[in-house]
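Source file: model-v4.cif (mmCIF, C-alpha atoms)
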```cif
data_model
#
loop_
_atom_site.group_PDB
_atom_site.id
_atom_site.type_symbol
_atom_site.label_atom_id
_atom_site.label_comp_id
_atom_site.auth_asym_id
_atom_site.auth_seq_id
_atom_site.Cartn_x
_atom_site.Cartn_y
_atom_site.Cartn_z
ATOM 1 C CA MET A 1 3.242 10.793 27.438
ATOM 2 C CA THR A 2 3.070 11.121 31.184
ATOM 3 C CA THR A 3 3.409 7.695 32.814
ATOM 4 C CA ASN A 4 3.210 8.787 36.453
ATOM 5 C CA VAL A 5 -0.572 9.091 36.344
ATOM 6 C CA VAL A 6 -2.964 10.047 39.104
ATOM 7 C CA ALA A 7 -6.374 8.478 38.521
ATOM 8 C CA ALA A 8 -9.641 8.674 40.411
ATOM 9 C CA ARG A 9 -11.995 5.862 41.278
ATOM 10 C CA GLN A 10 -15.689 6.201 40.465
ATOM 11 C CA SER A 11 -16.455 6.768 44.162
ATOM 12 C CA THR A 12 -13.939 9.625 44.607
ATOM 13 C CA THR A 13 -15.710 12.841 45.619
ATOM 14 C CA ALA A 14 -15.652 16.001 43.531
ATOM 15 C CA ARG A 15 -13.925 17.798 46.425
ATOM 16 C CA GLU A 16 -11.155 15.175 46.518
ATOM 17 C CA ILE A 17 -10.714 15.393 42.753
ATOM 18 C CA GLY A 18 -10.670 19.202 42.850
ATOM 19 C CA ALA A 19 -8.027 19.183 45.582
ATOM 20 C CA ARG A 20 -5.934 16.693 43.625
ATOM 21 C CA LEU A 21 -6.179 18.824 40.483
ATOM 22 C CA LEU A 22 -4.862 21.793 42.457
ATOM 23 C CA MET A 23 -2.095 19.799 44.144
ATOM 24 C CA GLY A 24 -0.944 18.229 40.907
ATOM 25 C CA ASP A 25 -1.334 21.384 38.818
ATOM 26 C CA PHE A 26 -3.265 19.625 36.061
ATOM 27 C CA ASN A 27 -6.708 20.037 34.550
ATOM 28 C CA GLY A 28 -8.178 16.562 34.514
ATOM 29 C CA LEU A 29 -8.024 13.043 35.862
ATOM 30 C CA PRO A 30 -8.954 9.742 34.293
ATOM 31 C CA VAL A 31 -11.496 7.693 36.231
ATOM 32 C CA ILE A 32 -10.777 3.978 36.409
ATOM 33 C CA ASP A 33 -12.656 0.883 37.509
ATOM 34 C CA ASN A 34 -11.283 -1.834 39.819
ATOM 35 C CA ASN A 35 -9.342 -3.343 36.888
ATOM 36 C CA ALA A 36 -7.586 -0.022 36.044
ATOM 37 C CA LYS A 37 -9.677 0.344 32.893
ATOM 38 C CA VAL A 38 -10.571 3.917 31.939
ATOM 39 C CA ILE A 39 -14.295 4.557 32.334
ATOM 40 C CA GLY A 40 -14.316 8.355 32.336
ATOM 41 C CA ILE A 41 -12.527 11.654 32.788
ATOM 42 C CA VAL A 42 -13.202 14.444 35.267
ATOM 43 C CA THR A 43 -11.823 17.883 34.418
ATOM 44 C CA ALA A 44 -11.678 21.211 36.177
ATOM 45 C CA ILE A 45 -14.638 22.226 33.984
ATOM 46 C CA ASP A 46 -16.718 19.402 35.480
ATOM 47 C CA ILE A 47 -15.868 20.604 38.990
ATOM 48 C CA LEU A 48 -16.680 24.219 38.042
ATOM 49 C CA ARG A 49 -20.007 23.107 36.565
ATOM 50 C CA ALA A 50 -20.881 21.304 39.812
ATOM 51 C CA ILE A 51 -19.955 24.404 41.849
ATOM 52 C CA ARG A 52 -22.042 26.628 39.551
ATOM 53 C CA GLN A 53 -25.021 24.288 39.950
ATOM 54 C CA GLY A 54 -24.709 24.558 43.742
ATOM 55 C CA LYS A 55 -23.913 20.888 44.223
ATOM 56 C CA ASN A 56 -22.250 19.622 47.384
ATOM 57 C CA LEU A 57 -18.711 18.657 46.346
ATOM 58 C CA ASP A 58 -18.504 16.239 49.280
ATOM 59 C CA SER A 59 -21.452 14.174 48.078
ATOM 60 C CA ILE A 60 -20.951 14.297 44.298
ATOM 61 C CA ARG A 61 -18.843 11.385 43.034
ATOM 62 C CA ALA A 62 -16.633 11.073 39.968
ATOM 63 C CA ILE A 63 -19.184 8.760 38.377
ATOM 64 C CA ASP A 64 -21.801 11.558 38.668
ATOM 65 C CA ILE A 65 -19.826 14.247 36.835
ATOM 66 C CA MET A 66 -17.333 12.427 34.619
ATOM 67 C CA THR A 67 -17.368 12.277 30.850
ATOM 68 C CA ARG A 68 -18.087 8.616 30.227
ATOM 69 C CA ASN A 69 -16.291 6.370 27.742
ATOM 70 C CA PRO A 70 -13.614 8.874 26.757
ATOM 71 C CA LEU A 71 -11.465 8.404 23.699
ATOM 72 C CA VAL A 72 -8.314 6.478 24.524
ATOM 73 C CA VAL A 73 -5.210 5.673 22.502
ATOM 74 C CA LYS A 74 -2.597 2.929 22.519
ATOM 75 C CA GLN A 75 1.038 3.641 23.339
ATOM 76 C CA ASP A 76 2.088 3.353 19.683
ATOM 77 C CA THR A 77 -0.447 5.934 18.431
ATOM 78 C CA GLU A 78 1.210 8.636 16.326
ATOM 79 C CA VAL A 79 1.410 12.102 17.883
ATOM 80 C CA LYS A 80 -0.272 13.609 14.801
ATOM 81 C CA GLU A 81 -3.286 11.346 15.402
ATOM 82 C CA ILE A 82 -3.431 12.381 19.063
ATOM 83 C CA ILE A 83 -3.266 16.048 18.053
ATOM 84 C CA ASP A 84 -6.147 15.448 15.625
ATOM 85 C CA ILE A 85 -8.215 13.893 18.439
ATOM 86 C CA ILE A 86 -7.451 16.789 20.802
ATOM 87 C CA LEU A 87 -8.323 19.390 18.165
ATOM 88 C CA GLN A 88 -11.439 17.682 16.792
ATOM 89 C CA LYS A 89 -12.922 16.892 20.192
ATOM 90 C CA ALA A 90 -11.627 20.031 21.973
ATOM 91 C CA ILE A 91 -10.272 17.954 24.853
ATOM 92 C CA ILE A 92 -7.296 18.560 27.136
ATOM 93 C CA LEU A 93 -5.983 15.053 27.643
ATOM 94 C CA VAL A 94 -6.127 11.577 26.167
ATOM 95 C CA PRO A 95 -5.629 8.447 28.296
ATOM 96 C CA VAL A 96 -3.150 5.880 26.988
ATOM 97 C CA VAL A 97 -4.054 2.219 27.494
ATOM 98 C CA ASN A 98 -2.342 -1.108 26.920
ATOM 99 C CA ASP A 99 -3.738 -4.075 24.994
ATOM 100 C CA GLU A 100 -5.913 -5.028 27.983
ATOM 101 C CA HIS A 101 -7.335 -1.467 27.963
ATOM 102 C CA LYS A 102 -5.691 -0.674 31.309
ATOM 103 C CA LEU A 103 -4.454 2.848 31.952
ATOM 104 C CA ILE A 104 -0.700 3.249 31.433
ATOM 105 C CA GLY A 105 -0.368 6.988 30.811
ATOM 106 C CA LEU A 106 -1.817 10.262 29.615
ATOM 107 C CA VAL A 107 -1.049 12.600 26.752
ATOM 108 C CA SER A 108 -2.072 16.202 27.350
ATOM 109 C CA ARG A 109 -1.897 19.321 25.253
ATOM 110 C CA LEU A 110 1.046 20.480 27.356
ATOM 111 C CA ASP A 111 2.904 17.169 26.897
ATOM 112 C CA ILE A 112 2.787 17.674 23.143
ATOM 113 C CA LEU A 113 3.817 21.320 23.372
ATOM 114 C CA GLN A 114 6.712 20.494 25.711
ATOM 115 C CA GLN A 115 7.924 17.800 23.321
ATOM 116 C CA ASN A 116 7.801 20.101 20.308
ATOM 117 C CA LEU A 117 8.761 23.555 21.554
ATOM 118 C CA ASN A 118 11.938 24.931 23.051
ATOM 119 C CA GLU A 119 11.240 27.168 26.000
ATOM 120 C CA LYS A 120 12.720 30.613 25.468
ATOM 121 C CA PHE A 121 11.031 32.427 28.336
ATOM 122 C CA VAL A 122 12.122 33.413 31.799
ATOM 123 C CA THR A 123 9.719 33.192 34.743
ATOM 124 C CA ILE A 124 9.863 36.052 37.208
ATOM 125 C CA GLY A 125 8.008 36.220 40.510
ATOM 126 C CA GLU A 126 5.899 33.807 42.471
ATOM 127 C CA ARG A 127 2.803 31.920 41.589
ATOM 128 C CA SER A 128 -0.276 33.444 43.180
ATOM 129 C CA GLY A 129 -3.617 31.907 44.025
ATOM 130 C CA LEU A 130 -7.113 33.271 43.619
ATOM 131 C CA SER A 131 -6.961 35.030 46.985
ATOM 132 C CA GLU A 132 -3.946 37.031 45.844
ATOM 133 C CA ALA A 133 -5.348 37.815 42.411
ATOM 134 C CA ASN A 134 -6.464 41.292 43.432
ATOM 135 C CA SER A 135 -3.130 42.316 44.927
ATOM 136 C CA PRO A 136 -1.808 45.367 43.057
ATOM 137 C CA ALA A 137 1.390 45.021 41.011
ATOM 138 C CA LYS A 138 2.383 41.633 42.368
ATOM 139 C CA PRO A 139 4.212 39.569 39.735
ATOM 140 C CA ALA A 140 2.806 36.078 39.164
ATOM 141 C CA LEU A 141 4.148 32.969 37.481
ATOM 142 C CA MET A 142 2.436 32.420 34.170
ATOM 143 C CA ARG A 143 2.224 28.908 32.765
#
```

For this file, produce the structure as structure tokens.
Amino acid sequence: MTTNVVAARQSTTAREIGARLLMGDFNGLPVIDNNAKVIGIVTAIDILRAIRQGKNLDSIRAIDIMTRNPLVVKQDTEVKEIIDIILQKAIILVPVVNDEHKLIGLVSRLDILQQNLNEKFVTIGERSGLSEANSPAKPALMR
């Protein structure tokens, strides 16, 4: 579980969320209300959908594009149960809440993989962005 969680408010713009996803190198953010209760999730897919539909990312808010009432788990939920949720619902992350239903963490696909797999790979090169994607023979970091 990741406990250092970045969350969006319902009024956060799609552009702000997209920028935060890029800065944090993750694929989704929980959306919380004023009491830190999870009310939704915005993922990179939601941002891409808004871009594809020609929406103005500065005027679209989290509340407009989020998946509402996402599945959440408690801190003592078994990893196998979380894996089942991720697989059955085809989701990338599950918010973790306390007994008052306030956000305390996230469990993502990568969290589970990192916990269960030993890394036996070596990374060579630099990470490249979309603008460098067409550069010939430039090694890129693969995650």

If the PyMOL selection byres ((chain A and resi 20) around 12) were run on this exact file, what residues would it hold? Put them as a short mmCIF file (atom, residue, chain, number, x, y, z; two decimals) with C-alpha atoms, in the coordinates of the input.
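Result file follows (selection.cif):
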```cif
data_model
loop_
_atom_site.label_atom_id
_atom_site.label_comp_id
_atom_site.auth_asym_id
_atom_site.auth_seq_id
_atom_site.Cartn_x
_atom_site.Cartn_y
_atom_site.Cartn_z
CA VAL A 5 -0.57 9.09 36.34
CA VAL A 6 -2.96 10.05 39.10
CA ALA A 7 -6.37 8.48 38.52
CA ALA A 8 -9.64 8.67 40.41
CA THR A 12 -13.94 9.62 44.61
CA THR A 13 -15.71 12.84 45.62
CA ALA A 14 -15.65 16.00 43.53
CA ARG A 15 -13.92 17.80 46.42
CA GLU A 16 -11.16 15.18 46.52
CA ILE A 17 -10.71 15.39 42.75
CA GLY A 18 -10.67 19.20 42.85
CA ALA A 19 -8.03 19.18 45.58
CA LEU A 21 -6.18 18.82 40.48
CA LEU A 22 -4.86 21.79 42.46
CA MET A 23 -2.10 19.80 44.14
CA GLY A 24 -0.94 18.23 40.91
CA ASP A 25 -1.33 21.38 38.82
CA PHE A 26 -3.26 19.62 36.06
CA ASN A 27 -6.71 20.04 34.55
CA GLY A 28 -8.18 16.56 34.51
CA LEU A 29 -8.02 13.04 35.86
CA VAL A 42 -13.20 14.44 35.27
CA THR A 43 -11.82 17.88 34.42
CA ALA A 44 -11.68 21.21 36.18
CA ILE A 47 -15.87 20.60 38.99
#
```

Margin query: Can you pull out the residues contacting Glu100 of chain A? Cut-off 10 Å, using all atoms listed in the file, and skip same-chain residues under 5 positions away; I want them as a list in words.
Written below: Asn35, Ala36 and Lys37 of chain A

Create the file for the chosen residues now, containing C-alpha atoms and written as a short mmCIF file (atom, residue, chain, number, x, y, z; two decimals), in the coordinates of the input.
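The resulting part-v4.cif:
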```
data_model
loop_
_atom_site.label_atom_id
_atom_site.label_comp_id
_atom_site.auth_asym_id
_atom_site.auth_seq_id
_atom_site.Cartn_x
_atom_site.Cartn_y
_atom_site.Cartn_z
CA ASN A 35 -9.34 -3.34 36.89
CA ALA A 36 -7.59 -0.02 36.04
CA LYS A 37 -9.68 0.34 32.89
#
```

Checklist line | Long-range neighbours of Val97 of chain A as a PyMOL selection string, 7 Å cut-off, all atoms listed in the file, 4 positions minimum in chain | finding: chain A and resi 72-75+101-105

Next item on the list: Please evaluate the PyMOL selection byres ((chain A and resi 10) around 7) against the displayed coordinates and give the resulting residues as a list in words.
Entry: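 Checked against the file, the PyMOL selection byres ((chain A and resi 10) around 7) matches Ala8, Arg9, Ser11, Thr12, Val31, Ile32, Asp33, Arg61, Ala62 and Ile63 of chain A.
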
Note to self: Can you tell me which residues surround Arg109 of chain A at a distance of at most 9 Å, considering all atoms listed in the file, apart from same-chain residues fewer than 5 positions away, and format the answer as a VMD selection string?
What the structure shows: chain A and resid 83 86 91 to 94 114

Note to self: Quick check on the file I pasted: which residues fall under the PyMOL selection byres ((chain A and resi 70) around 9)? Write them as an MDAnalysis selection string.
What the structure shows: chainID A and resid 30 38:41 67:69 71:72 94:95

Note to self: To one decimal place in Å, what is the distance between atom CA of Gly125 of chain A and atom CA of Asp111 of chain A?
What the structure shows: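 Here the two named atoms are 24.0 Å from each other.
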
Using only the atoms of segment 50-62 of chain A listed in the file, plus 8 Å on each side, state the axis-aligned box centre and edge lengths in Å rounded to one decimal, as lines of an AutoDock Vina configuration file.
```
center_x = -20.8
center_y = 18.9
center_z = 44.4
size_x = 24.4
size_y = 31.6
size_z = 25.7
```

Note to self: I'd like the interatomic distance between atom CA of Met1 of chain A and atom CA of Leu48 of chain A, to a tenth of an Å.
What the structure shows: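 Distance between the two atoms: 26.3 Å.
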
Item checked: One-decimal distance in Å that lies between atom CA of Asp64 of chain A and atom CA of Arg49 of chain A ->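 Value for the atom CA of Arg49 of chain A-atom CA of Asp64 of chain A distance: 11.9 Å.
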
Note to self: Nearest residue to Met66 of chain A out of A:Leu106, A:Asp46, A:Lys89, A:Lys80, using only C-alpha atoms?
What the structure shows: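 For Met66 of chain A, the nearest of the candidates is A:Asp46.
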
Margin query: With distances taken over only C-alpha atoms, which residue among A:Leu57, A:Asp99, A:Ile124, A:Ser108 lies nearest Val79 of chain A?
Written below: A:Ser108
